[in-house]
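run_31.txt (compact mmCIF, C-alpha atoms (C1' of nucleotides)) appears below.
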# COMPACT_ATOMS: atom_id res chain seq x y z
CA MET Q 1109 -68.18 -21.46 24.82
CA PRO Q 1110 -66.06 -24.50 25.67
CA ALA Q 1111 -65.69 -25.31 21.99
CA SER Q 1112 -63.43 -28.20 21.07
CA HIS Q 1113 -61.59 -29.24 24.18
CA THR Q 1114 -59.14 -32.02 24.67
CA GLY Q 1115 -58.18 -31.85 28.35
CA GLU Q 1116 -60.37 -31.54 31.43
CA ARG Q 1117 -63.34 -29.22 31.55
CA ARG Q 1118 -63.76 -26.75 34.33
CA ALA Q 1119 -65.81 -27.83 37.33
CA ASP Q 1120 -68.79 -25.58 36.64
CA ALA Q 1121 -68.92 -26.80 33.06
CA ARG Q 1122 -69.12 -30.42 34.18
CA ARG Q 1123 -71.81 -29.49 36.66
CA ASN Q 1124 -73.85 -27.75 34.00
CA ILE Q 1125 -73.55 -30.64 31.61
CA GLU Q 1126 -75.00 -32.94 34.21
CA SER Q 1127 -77.80 -30.49 34.99
CA ILE Q 1128 -78.63 -30.23 31.32
CA LEU Q 1129 -78.77 -33.98 30.88
CA ASP Q 1130 -80.92 -34.29 33.99
CA ALA Q 1131 -83.27 -31.63 32.70
CA ALA Q 1132 -83.40 -33.18 29.25
CA THR Q 1133 -84.29 -36.54 30.72
CA ALA Q 1134 -87.04 -35.04 32.83
CA CYS Q 1135 -88.46 -32.67 30.24
CA LEU Q 1136 -88.46 -35.19 27.42
CA ALA Q 1137 -90.11 -37.75 29.63
CA ALA Q 1138 -92.86 -35.27 30.40
CA ASP Q 1139 -93.17 -33.98 26.85
CA ALA Q 1140 -91.49 -35.72 23.98
CA ASP Q 1141 -91.45 -32.47 22.03
CA ALA Q 1142 -89.87 -30.35 24.72
CA SER Q 1143 -87.85 -27.55 23.14
CA VAL Q 1144 -84.23 -26.77 23.76
CA ALA Q 1145 -85.35 -23.58 25.46
CA ASP Q 1146 -87.53 -25.55 27.89
CA ILE Q 1147 -84.68 -27.87 28.73
CA ALA Q 1148 -82.21 -25.05 29.26
CA LYS Q 1149 -84.61 -23.27 31.56
CA ALA Q 1150 -85.29 -26.43 33.54
CA ALA Q 1151 -81.57 -26.93 33.88
CA GLY Q 1152 -81.20 -23.39 35.20
CA VAL Q 1153 -78.87 -22.58 32.38
CA GLY Q 1154 -78.81 -20.20 29.44
CA ARG Q 1155 -79.74 -21.54 26.05
CA VAL Q 1156 -76.38 -20.49 24.69
CA THR Q 1157 -74.63 -22.49 27.36
CA LEU Q 1158 -76.53 -25.55 26.32
CA TYR Q 1159 -75.52 -25.09 22.70
CA GLY Q 1160 -71.99 -24.65 23.90
CA HIS Q 1161 -72.00 -28.22 25.16
CA PHE Q 1162 -74.32 -29.91 22.69
CA PRO Q 1163 -74.09 -28.85 19.05
CA SER Q 1164 -77.68 -29.67 18.28
CA ARG Q 1165 -80.92 -30.79 19.82
CA ALA Q 1166 -80.40 -34.27 18.38
CA ASP Q 1167 -76.96 -34.52 19.96
CA LEU Q 1168 -78.42 -33.54 23.28
CA ILE Q 1169 -81.12 -36.16 23.14
CA ALA Q 1170 -78.67 -38.80 22.05
CA ALA Q 1171 -76.40 -37.91 24.95
CA ALA Q 1172 -79.25 -38.05 27.45
CA LEU Q 1173 -80.35 -41.41 26.12
CA ASP Q 1174 -76.83 -42.81 26.15
CA ARG Q 1175 -76.24 -41.70 29.69
CA THR Q 1176 -79.36 -43.32 31.09
CA VAL Q 1177 -78.83 -46.50 29.13
CA ASP Q 1178 -75.23 -46.65 30.26
CA HIS Q 1179 -76.30 -46.16 33.86
CA ALA Q 1180 -78.81 -48.95 33.60
CA SER Q 1181 -76.50 -51.22 31.68
CA GLU Q 1182 -73.85 -50.90 34.32
CA LEU Q 1183 -76.33 -52.13 36.86
CA LEU Q 1184 -77.67 -54.91 34.67
CA ASP Q 1185 -74.21 -56.08 33.72
CA SER Q 1186 -73.44 -56.65 37.36
CA LEU Q 1187 -76.37 -59.00 37.76
CA ASP Q 1188 -75.86 -62.67 38.41
CA LEU Q 1189 -77.86 -64.36 35.69
CA GLY Q 1190 -76.62 -67.86 36.38
CA GLY Q 1191 -78.80 -70.67 37.64
CA ASP Q 1192 -82.21 -71.52 36.26
CA PRO Q 1193 -82.82 -69.25 33.25
CA ARG Q 1194 -86.39 -68.80 34.41
CA ASP Q 1195 -85.24 -67.30 37.67
CA ALA Q 1196 -82.65 -65.27 35.83
CA LEU Q 1197 -85.36 -63.94 33.57
CA ARG Q 1198 -87.39 -62.82 36.57
CA VAL Q 1199 -84.38 -61.06 38.02
CA LEU Q 1200 -83.42 -59.45 34.74
CA VAL Q 1201 -86.95 -58.25 34.06
CA GLN Q 1202 -87.35 -56.86 37.53
CA GLU Q 1203 -84.10 -54.96 37.42
CA ALA Q 1204 -84.62 -53.80 33.87
CA TRP Q 1205 -88.00 -52.51 34.86
CA SER Q 1206 -86.68 -50.71 37.91
CA SER Q 1207 -83.91 -49.02 36.05
CA LEU Q 1208 -85.47 -48.51 32.65
CA GLY Q 1209 -89.22 -48.63 33.10
CA GLY Q 1210 -89.60 -45.01 34.01
CA LEU Q 1211 -87.43 -44.00 31.11
CA VAL Q 1212 -89.44 -45.45 28.31
CA ALA Q 1213 -90.79 -41.96 27.82
CA LEU Q 1214 -87.29 -40.74 27.11
CA HIS Q 1215 -86.85 -43.54 24.63
CA ASP Q 1216 -90.06 -42.51 22.89
CA ALA Q 1217 -88.86 -38.94 22.68
CA ALA Q 1218 -85.58 -40.14 21.22
CA ALA Q 1219 -87.50 -42.19 18.70
CA ARG Q 1220 -88.92 -38.98 17.27
CA ALA Q 1221 -85.69 -37.07 17.10
CA LEU Q 1222 -83.10 -39.69 16.24
CA PRO Q 1223 -82.67 -41.97 13.25
CA ALA Q 1224 -83.79 -45.53 13.89
CA GLU Q 1225 -80.26 -46.79 13.53
CA ARG Q 1226 -79.08 -44.57 16.38
CA LEU Q 1227 -81.88 -45.93 18.52
CA ARG Q 1228 -80.92 -49.51 17.88
CA ARG Q 1229 -77.38 -48.69 18.88
CA ALA Q 1230 -78.65 -47.54 22.27
CA HIS Q 1231 -80.58 -50.76 22.66
CA ALA Q 1232 -77.62 -52.86 21.75
CA ARG Q 1233 -75.95 -53.21 25.13
CA PRO Q 1234 -78.95 -54.31 27.18
CA MET Q 1235 -80.11 -56.39 24.23
CA ARG Q 1236 -76.94 -58.44 24.46
CA LEU Q 1237 -77.82 -59.53 27.97
CA VAL Q 1238 -81.28 -60.55 26.92
CA GLU Q 1239 -80.00 -62.49 23.96
CA GLU Q 1240 -77.46 -64.32 26.04
CA LEU Q 1241 -80.09 -65.31 28.53
CA ILE Q 1242 -82.42 -66.51 25.83
CA ALA Q 1243 -79.65 -68.51 24.20
CA ARG Q 1244 -78.73 -70.15 27.47
CA GLY Q 1245 -82.33 -70.92 28.28
CA ARG Q 1246 -82.71 -72.60 24.95
CA ASP Q 1247 -79.52 -74.60 25.38
CA VAL Q 1248 -80.68 -75.80 28.75
CA GLY Q 1249 -84.00 -76.73 27.25
CA VAL Q 1250 -86.37 -74.53 29.22
CA PHE Q 1251 -87.05 -71.86 26.58
CA ARG Q 1252 -88.76 -72.60 23.32
CA THR Q 1253 -86.66 -73.09 20.21
CA ASP Q 1254 -89.43 -73.07 17.62
CA GLN Q 1255 -89.24 -69.32 17.17
CA PRO Q 1256 -86.35 -67.12 16.03
CA ALA Q 1257 -84.23 -65.97 18.97
CA GLY Q 1258 -84.39 -62.43 17.62
CA TRP Q 1259 -88.14 -62.50 17.91
CA LEU Q 1260 -88.00 -63.53 21.55
CA GLY Q 1261 -85.64 -60.64 22.15
CA ALA Q 1262 -87.96 -58.21 20.45
CA VAL Q 1263 -90.84 -59.45 22.58
CA PHE Q 1264 -88.83 -58.70 25.69
CA PHE Q 1265 -88.54 -55.00 25.00
CA SER Q 1266 -91.97 -54.78 23.50
CA THR Q 1267 -93.54 -56.15 26.64
CA ILE Q 1268 -91.67 -53.80 28.93
CA HIS Q 1269 -92.74 -51.00 26.67
CA ALA Q 1270 -96.35 -52.08 26.91
CA ALA Q 1271 -96.13 -52.14 30.69
CA ALA Q 1272 -94.72 -48.63 30.72
CA ASP Q 1273 -97.63 -47.46 28.62
CA GLU Q 1274 -100.14 -49.06 30.93
CA VAL Q 1275 -98.51 -47.48 33.93
CA HIS Q 1276 -98.48 -44.15 32.15
CA ARG Q 1277 -102.20 -44.53 31.48
CA GLY Q 1278 -102.86 -45.29 35.11
CA GLN Q 1279 -104.11 -48.77 34.24
CA LEU Q 1280 -101.32 -50.52 36.05
CA ASP Q 1281 -99.46 -49.97 39.27
CA SER Q 1282 -95.75 -49.51 38.74
CA ALA Q 1283 -94.88 -51.85 41.59
CA GLN Q 1284 -96.86 -54.68 40.07
CA ALA Q 1285 -95.44 -54.22 36.61
CA GLY Q 1286 -92.18 -56.08 37.15
CA PRO Q 1287 -93.65 -59.40 38.23
CA LEU Q 1288 -96.41 -59.05 35.67
CA VAL Q 1289 -93.99 -58.60 32.79
CA ALA Q 1290 -91.81 -61.42 34.07
CA SER Q 1291 -94.78 -63.72 34.31
CA THR Q 1292 -95.91 -62.88 30.79
CA LEU Q 1293 -92.46 -63.31 29.31
CA LEU Q 1294 -91.93 -66.56 31.12
CA ALA Q 1295 -95.09 -67.90 29.54
CA ALA Q 1296 -94.11 -66.55 26.14
CA TYR Q 1297 -90.66 -68.11 26.29
CA THR Q 1298 -91.74 -71.57 27.33
CA LEU Q 1299 -93.91 -73.97 25.38
CA PRO Q 1300 -97.45 -74.62 26.68
CA MET G 125 -113.83 -24.76 -1.45
CA PRO G 126 -116.62 -27.14 -0.44
CA ALA G 127 -116.84 -25.51 2.98
CA SER G 128 -119.62 -26.63 5.27
CA HIS G 129 -121.87 -28.87 3.28
CA THR G 130 -124.94 -30.75 4.38
CA GLY G 131 -126.07 -32.64 1.29
CA GLU G 132 -124.07 -34.75 -1.14
CA ARG G 133 -120.70 -33.67 -2.40
CA ARG G 134 -119.96 -33.58 -6.06
CA ALA G 135 -118.42 -36.68 -7.61
CA ASP G 136 -114.98 -35.20 -8.20
CA ALA G 137 -114.84 -33.98 -4.62
CA ARG G 138 -115.53 -37.44 -3.30
CA ARG G 139 -112.90 -38.85 -5.60
CA ASN G 140 -110.34 -36.34 -4.42
CA ILE G 141 -111.08 -37.02 -0.78
CA GLU G 142 -110.37 -40.68 -1.33
CA SER G 143 -107.17 -39.89 -3.20
CA ILE G 144 -106.05 -37.65 -0.39
CA LEU G 145 -106.71 -40.26 2.25
CA ASP G 146 -104.91 -42.86 0.16
CA ALA G 147 -101.95 -40.56 -0.26
CA ALA G 148 -101.92 -39.66 3.42
CA THR G 149 -101.90 -43.32 4.37
CA ALA G 150 -99.05 -44.07 2.01
CA CYS G 151 -96.97 -40.98 2.74
CA LEU G 152 -97.32 -41.19 6.50
CA ALA G 153 -96.42 -44.86 6.43
CA ALA G 154 -93.25 -44.02 4.55
CA ASP G 155 -92.41 -40.94 6.59
CA ALA G 156 -94.23 -40.16 9.80
CA ASP G 157 -93.42 -36.49 9.35
CA ALA G 158 -94.66 -36.16 5.80
CA SER G 159 -95.87 -32.62 5.17
CA VAL G 160 -99.28 -31.62 3.92
CA ALA G 161 -97.59 -30.47 0.73
CA ASP G 162 -96.10 -33.93 0.20
CA ILE G 163 -99.44 -35.59 0.71
CA ALA G 164 -101.26 -33.22 -1.64
CA LYS G 165 -98.69 -33.78 -4.33
CA ALA G 166 -98.88 -37.55 -3.91
CA ALA G 167 -102.65 -37.33 -4.19
CA GLY G 168 -102.32 -35.37 -7.42
CA VAL G 169 -104.19 -32.50 -5.90
CA GLY G 170 -103.49 -28.90 -5.03
CA ARG G 171 -102.65 -28.05 -1.48
CA VAL G 172 -105.57 -25.68 -1.32
CA THR G 173 -107.93 -28.45 -2.33
CA LEU G 174 -106.68 -30.56 0.53
CA TYR G 175 -107.29 -27.79 3.01
CA GLY G 176 -110.71 -27.39 1.51
CA HIS G 177 -111.59 -30.87 2.69
CA PHE G 178 -109.54 -31.17 5.86
CA PRO G 179 -109.26 -28.10 8.08
CA SER G 180 -105.91 -29.07 9.45
CA ARG G 181 -103.12 -31.57 9.22
CA ALA G 182 -104.30 -33.23 12.41
CA ASP G 183 -107.81 -33.61 11.04
CA LEU G 184 -106.41 -35.22 7.94
CA ILE G 185 -104.35 -37.72 9.87
CA ALA G 186 -107.25 -38.54 12.14
CA ALA G 187 -109.47 -39.12 9.13
CA ALA G 188 -106.90 -41.38 7.48
CA LEU G 189 -106.49 -43.37 10.67
CA ASP G 190 -110.21 -43.70 11.21
CA ARG G 191 -110.79 -44.87 7.68
CA THR G 192 -108.21 -47.63 7.81
CA VAL G 193 -109.31 -48.77 11.25
CA ASP G 194 -112.91 -48.78 10.15
CA HIS G 195 -112.02 -50.83 7.10
CA ALA G 196 -110.17 -53.34 9.20
CA SER G 197 -112.81 -53.42 11.91
CA GLU G 198 -115.50 -54.18 9.41
CA LEU G 199 -113.55 -57.22 8.34
CA LEU G 200 -112.70 -58.31 11.85
CA ASP G 201 -116.25 -57.86 13.07
CA SER G 202 -117.40 -60.32 10.45
CA LEU G 203 -115.09 -63.01 11.81
CA ASP G 204 -116.47 -66.10 13.45
CA LEU G 205 -114.69 -66.20 16.79
CA GLY G 206 -116.73 -69.02 18.25
CA GLY G 207 -115.34 -72.45 19.12
CA ASP G 208 -112.09 -72.99 20.97
CA PRO G 209 -110.76 -69.58 22.03
CA ARG G 210 -107.28 -70.71 21.12
CA ASP G 211 -108.31 -71.28 17.53
CA ALA G 212 -110.25 -68.04 17.57
CA LEU G 213 -107.14 -66.25 18.78
CA ARG G 214 -105.16 -67.66 15.88
CA VAL G 215 -107.80 -66.52 13.43
CA LEU G 216 -108.11 -63.10 14.99
CA VAL G 217 -104.37 -62.53 15.08
CA GLN G 218 -103.92 -63.67 11.51
CA GLU G 219 -106.66 -61.42 10.20
CA ALA G 220 -105.64 -58.51 12.36
CA TRP G 221 -102.13 -58.86 11.05
CA SER G 222 -103.25 -59.05 7.44
CA SER G 223 -105.43 -56.00 7.68
CA LEU G 224 -103.54 -53.90 10.20
CA GLY G 225 -99.95 -55.11 10.21
CA GLY G 226 -98.87 -52.93 7.34
CA LEU G 227 -100.54 -49.93 8.87
CA VAL G 228 -98.70 -49.79 12.11
CA ALA G 229 -96.58 -47.13 10.48
CA LEU G 230 -99.65 -44.99 10.03
CA HIS G 231 -100.53 -45.53 13.64
CA ASP G 232 -97.07 -44.38 14.65
CA ALA G 233 -97.42 -41.27 12.56
CA ALA G 234 -100.78 -40.56 14.16
CA ALA G 235 -99.19 -41.02 17.56
CA ARG G 236 -96.99 -38.04 16.84
CA ALA G 237 -99.69 -35.75 15.58
CA LEU G 238 -102.72 -36.68 17.63
CA PRO G 239 -103.42 -36.51 21.35
CA ALA G 240 -103.17 -39.85 23.12
CA GLU G 241 -106.88 -39.82 23.86
CA ARG G 242 -107.72 -39.62 20.17
CA LEU G 243 -105.45 -42.56 19.54
CA ARG G 244 -107.12 -44.70 22.13
CA ARG G 245 -110.46 -43.91 20.55
CA ALA G 246 -109.22 -45.38 17.29
CA HIS G 247 -108.07 -48.50 19.09
CA ALA G 248 -111.36 -48.92 20.85
CA ARG G 249 -113.30 -50.84 18.26
CA PRO G 250 -110.77 -53.59 17.53
CA MET G 251 -109.89 -53.67 21.23
CA ARG G 252 -113.44 -54.67 22.04
CA LEU G 253 -113.08 -57.83 19.97
CA VAL G 254 -109.86 -58.76 21.68
CA GLU G 255 -111.31 -58.17 25.12
CA GLU G 256 -114.35 -60.26 24.37
CA LEU G 257 -112.20 -63.11 23.19
CA ILE G 258 -109.99 -62.91 26.24
CA ALA G 259 -112.99 -62.85 28.54
CA ARG G 260 -114.50 -65.87 26.87
CA GLY G 261 -111.21 -67.74 26.94
CA ARG G 262 -110.99 -67.13 30.65
CA ASP G 263 -114.55 -68.19 31.26
CA VAL G 264 -113.94 -71.40 29.41
CA GLY G 265 -110.81 -71.94 31.41
CA VAL G 266 -108.17 -71.97 28.68
CA PHE G 267 -106.72 -68.48 29.23
CA ARG G 268 -104.99 -67.47 32.40
CA THR G 269 -106.88 -65.49 35.01
CA ASP G 270 -103.99 -64.55 37.26
CA GLN G 271 -103.32 -61.36 35.32
CA PRO G 272 -105.55 -58.35 34.68
CA ALA G 273 -107.58 -58.76 31.50
CA GLY G 274 -106.56 -55.28 30.45
CA TRP G 275 -102.94 -56.34 30.54
CA LEU G 276 -103.58 -59.28 28.25
CA GLY G 277 -105.28 -56.91 25.86
CA ALA G 278 -102.34 -54.54 25.92
CA VAL G 279 -99.99 -57.40 25.18
CA PHE G 280 -102.02 -58.25 22.11
CA PHE G 281 -101.43 -54.94 20.40
CA SER G 282 -97.93 -54.62 21.72
CA THR G 283 -96.94 -57.93 20.17
CA ILE G 284 -98.42 -57.08 16.81
CA HIS G 285 -96.58 -53.81 16.97
CA ALA G 286 -93.34 -55.59 17.72
CA ALA G 287 -93.84 -57.86 14.74
CA ALA G 288 -94.44 -54.87 12.49
CA ASP G 289 -91.19 -53.35 13.66
CA GLU G 290 -89.28 -56.53 12.99
CA VAL G 291 -90.75 -56.77 9.52
CA HIS G 292 -89.90 -53.15 8.91
CA ARG G 293 -86.32 -53.85 9.95
CA GLY G 294 -86.13 -56.77 7.60
CA GLN G 295 -85.62 -59.19 10.48
CA LEU G 296 -88.85 -61.01 9.89
CA ASP G 297 -90.79 -62.14 6.88
CA SER G 298 -94.23 -60.63 6.73
CA ALA G 299 -95.82 -63.92 5.80
CA GLN G 300 -94.41 -65.63 8.88
CA ALA G 301 -95.41 -62.88 11.24
CA GLY G 302 -99.05 -63.90 11.68
CA PRO G 303 -98.42 -67.42 12.94
CA LEU G 304 -95.47 -66.24 14.99
CA VAL G 305 -97.50 -63.63 16.81
CA ALA G 306 -100.35 -66.05 17.33
CA SER G 307 -98.00 -68.62 18.75
CA THR G 308 -96.44 -66.11 21.13
CA LEU G 309 -99.78 -64.78 22.31
CA LEU G 310 -101.15 -68.25 22.79
CA ALA G 311 -98.26 -69.02 25.09
CA ALA G 312 -98.64 -65.72 26.90
CA TYR G 313 -102.35 -66.25 27.44
CA THR G 314 -102.15 -69.76 28.81
CA LEU G 315 -100.41 -70.94 31.96
CA PRO G 316 -97.22 -72.98 31.59
C1' DA P 838 -126.22 -24.15 -21.51
C1' DA P 839 -126.38 -22.18 -17.17
C1' DT P 840 -125.19 -22.38 -12.53
C1' DA P 841 -123.13 -23.79 -8.63
C1' DA P 842 -119.54 -26.62 -6.87
C1' DC P 843 -115.03 -27.54 -7.16
C1' DT P 844 -109.98 -26.94 -8.23
C1' DT P 845 -105.74 -24.34 -8.84
C1' DG P 846 -101.15 -22.01 -8.37
C1' DA P 847 -99.22 -18.17 -6.51
C1' DA P 848 -98.61 -15.19 -3.01
C1' DC P 849 -98.97 -13.94 1.70
C1' DA P 850 -99.05 -13.98 6.74
C1' DT P 851 -97.63 -16.29 10.82
C1' DC P 852 -95.43 -18.91 13.82
C1' DT P 853 -92.20 -21.73 16.10
C1' DA P 854 -87.93 -23.74 16.81
C1' DT P 855 -83.23 -24.09 15.70
C1' DG P 856 -78.74 -22.44 15.75
C1' DT P 857 -75.38 -18.28 15.83
C1' DT P 858 -73.16 -14.03 17.13
C1' DC P 859 -71.78 -10.46 20.29
C1' DA P 860 -70.22 -7.78 24.11
C1' DG P 861 -69.82 -7.97 28.69
C1' DG P 862 -70.04 -10.28 33.09
C1' DT P 863 -68.68 -14.61 36.48
C1' DT P 864 -66.23 -18.10 38.26
C1' DC P 865 -62.58 -21.49 38.16
C1' DT P 866 -57.75 -22.48 38.33
C1' DT P 867 -52.79 -21.83 39.29
C1' DA A 94 -54.43 -11.71 41.38
C1' DA A 95 -54.35 -12.65 36.69
C1' DG A 96 -55.79 -14.97 32.89
C1' DA A 97 -58.40 -18.34 30.86
C1' DA A 98 -62.50 -20.81 30.71
C1' DC A 99 -67.08 -20.29 31.14
C1' DC A 100 -71.78 -18.22 31.38
C1' DT A 101 -75.40 -14.94 29.88
C1' DG A 102 -79.34 -12.31 27.70
C1' DA A 103 -80.58 -10.19 23.74
C1' DA A 104 -80.70 -9.94 19.12
C1' DC A 105 -80.35 -11.90 14.67
C1' DA A 106 -80.56 -15.10 10.75
C1' DT A 107 -82.81 -19.02 8.83
C1' DA A 108 -85.75 -22.41 7.70
C1' DG A 109 -89.80 -25.09 7.24
C1' DA A 110 -94.37 -25.84 7.96
C1' DT A 111 -99.08 -24.45 8.53
C1' DG A 112 -103.07 -22.18 7.13
C1' DT A 113 -105.43 -18.35 4.30
C1' DT A 114 -106.75 -15.41 0.49
C1' DC A 115 -107.49 -14.33 -4.31
C1' DA A 116 -108.76 -14.27 -9.00
C1' DA A 117 -109.32 -17.22 -12.66
C1' DG A 118 -110.03 -21.60 -14.61
C1' DT A 119 -112.68 -26.64 -14.71
C1' DT A 120 -116.03 -29.84 -14.10
C1' DA A 121 -120.18 -31.85 -12.58
C1' DT A 122 -125.04 -31.38 -12.33
C1' DT A 123 -130.08 -30.00 -13.54

Take the structure in the file and write it out as structure tokens.
Amino acid sequence: MPASHTGERRADARRNIESILDAATACLAADADASVADIAKAAGVGRVTLYGHFPSRADLIAAALDRTVDHASELLDSLDLGGDPRDALRVLVQEAWSSLGGLVALHDAAARALPAERLRRAHARPMRLVEELIARGRDVGVFRTDQPAGWLGAVFFSTIHAAADEVHRGQLDSAQAGPLVASTLLAAYTLP
Amino acid sequence: MPASHTGERRADARRNIESILDAATACLAADADASVADIAKAAGVGRVTLYGHFPSRADLIAAALDRTVDHASELLDSLDLGGDPRDALRVLVQEAWSSLGGLVALHDAAARALPAERLRRAHARPMRLVEELIARGRDVGVFRTDQPAGWLGAVFFSTIHAAADEVHRGQLDSAQAGPLVASTLLAAYTLP
DNA sequence: AATAACTTGAACATCTATGTTCAGGTTCTT
DNA sequence: AAGAACCTGAACATAGATGTTCAAGTTATT
């Protein structure tokens, strides 16, 4: 067991940690109640090894969630959201969908295992981008100002979530989801 | 134990069944993982009594969900949704929020304990109303037709759900939620 | 008041998943 | 090559929930 370690981990340990996080992401997406044993097996690793790296099931899920959100955030942060906020919204939605859409299932699994506060923390980074865009759109005068900004932000994630559900149900093609969500949000953010 | 019964149940049995469903609704709203023991205690009833009426935890949750949805549906079915579809949407949203908004928590609890198919079945009845309204609004030419009708329907529930979350987080006043949701949906359903 | 329906707490039987320990085997690293 | 870091399966301890059984007490119903 690696136990508490300050310096660098050994190469095989790092490899295993990645495998475990990969497996957790996949298993939890397929079944939100996947057990630690399932995940360890999918990672090709002993259960004890897993517990050596992640103290508890909740820690594991939190780590998997953080990693995917960080990955996505890195990509989203690099986006150029200047210009017309409406175009920026389309870009942001499309990229958010590409990088996060398939991982809504992981988020749902995390919602069952983690306290709500921890969940919000994971949302925080991408939420910042959305809020900034909304604020700018309102300043420029193209997004509506008669509703709380926080509400518009909530609608953003809610709509992506809805699209993920529809795709999961086979009612919507994943490739069409991005533009569809963007179109809906654009309408919701501007006054009729 | 009442066991399999064809005729009428005794008065105290009926009373207890209602108490149990009330307690289940309340407990599950407060904690989606409330145990059968918790619910029985809250109902002022022995655990054995509960199992006498509901074979399993899942059956109990399904019954509680069905009852609340039926209640709400009865009310919604009685609504006059004629006239301008935009006004009808406002009315429908407001009433749906009043009767269902506080019960999203129960729905979430059911989502953990019941198969997805069973969940959809519960949605079906109110969904029909929404779909009819959307169809009529499109026929009349006030709602957009460039998106799948099913998607617009999904957005309806998704947005109500989002509002419930915001209220639950204390970010939104329950009384303001109805108009807010209606306003958002109206924008989402009409072309800019 | 008699009977059948209903309720009750306590105890029991499972079951499932988590998390830990151990003794011995691999694989990095220097 | 030597030692440390790491991995492993098996076994164990625990815990919490579900669902069932029982024997005795209540309550509604006719």

Range 838-845 of chain P surroundings by all atoms listed in the file, 10 Å radius, close-in-sequence under 3 positions cut, as number ranges by chain | G: 125-126, 133-137, 169-173, 176; A: 117-123

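The two atoms in question, CA of Gly261 in chain G and CA of Pro209 in chain G, are spaced 5.3 Å apart.
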
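From CA of Glu142 in chain G back to CA of Leu184 in chain G, the distance works out to 11.5 Å.
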
CA of Val1238 in chain Q to CA of His1179 in chain Q, distance in Å rounded to a single decimal = 16.7 Å

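Counting only C-alpha atoms (C1' of nucleotides), range 1217-1219 of chain Q has the following residues at most 9 Å away, ignoring those fewer than 4 positions along the same chain: Leu1136, Ala1137, Asp1139, Ala1140, Asp1141, Ala1142, Ala1166, Ile1169, Ala1170, Leu1173, Val1212, Ala1213, Pro1223, Ala1224 and Leu1227 of chain Q.
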
Find the residues in chain A near chain Q: any atom within 8 Å counts, using all atoms listed in the file. Write them as a count of residues only.
-> 4

Within 10 Å of chain Q, which residues of chain P show up when using only C-alpha atoms (C1' of nucleotides), listed as a ChimeraX atom specification?
-> /P:854-857,864-866

Once you count all atoms listed in the file, which residues of chain G turn out to be within 7 Å of chain Q? Could you give them as a VMD selection string?
-> chain G and resid 278 to 279 282 to 283 286 308 311 to 312 315 to 316

Could you pull the residues within 12 Å of DA848 in chain P, counting all atoms listed in the file, minus those fewer than 5 positions along the same chain, as a PyMOL selection string?
-> chain A and resi 113-116

Go ahead and find all residues with at least one atom no further than 8 Å from (-90.5, -52.6, 34.6) in the file's coordinates, using all atoms listed in the file; report them as a PyMOL selection string.
-> chain Q and resi 1201-1210+1268+1271-1272+1282+1285-1286+1289

Could you give me, as a CSV table (one decimal) with C-alpha atoms, keeping the file's coordinate frame, the residues that have an atom at most 12 Å away from the point (-111.4, -48.2, 10.4) in the coordinates of the file, using all atoms listed in the file?
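Heads up, here's the output in out_17.csv:
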chain,number,residue,atom,x,y,z
G,186,ALA,CA,-107.2,-38.5,12.1
G,187,ALA,CA,-109.5,-39.1,9.1
G,188,ALA,CA,-106.9,-41.4,7.5
G,189,LEU,CA,-106.5,-43.4,10.7
G,190,ASP,CA,-110.2,-43.7,11.2
G,191,ARG,CA,-110.8,-44.9,7.7
G,192,THR,CA,-108.2,-47.6,7.8
G,193,VAL,CA,-109.3,-48.8,11.2
G,194,ASP,CA,-112.9,-48.8,10.2
G,195,HIS,CA,-112.0,-50.8,7.1
G,196,ALA,CA,-110.2,-53.3,9.2
G,197,SER,CA,-112.8,-53.4,11.9
G,198,GLU,CA,-115.5,-54.2,9.4
G,199,LEU,CA,-113.6,-57.2,8.3
G,200,LEU,CA,-112.7,-58.3,11.8
G,201,ASP,CA,-116.2,-57.9,13.1
G,220,ALA,CA,-105.6,-58.5,12.4
G,223,SER,CA,-105.4,-56.0,7.7
G,224,LEU,CA,-103.5,-53.9,10.2
G,227,LEU,CA,-100.5,-49.9,8.9
G,231,HIS,CA,-100.5,-45.5,13.6
G,245,ARG,CA,-110.5,-43.9,20.6
G,246,ALA,CA,-109.2,-45.4,17.3
G,247,HIS,CA,-108.1,-48.5,19.1
G,248,ALA,CA,-111.4,-48.9,20.8
G,249,ARG,CA,-113.3,-50.8,18.3
G,250,PRO,CA,-110.8,-53.6,17.5
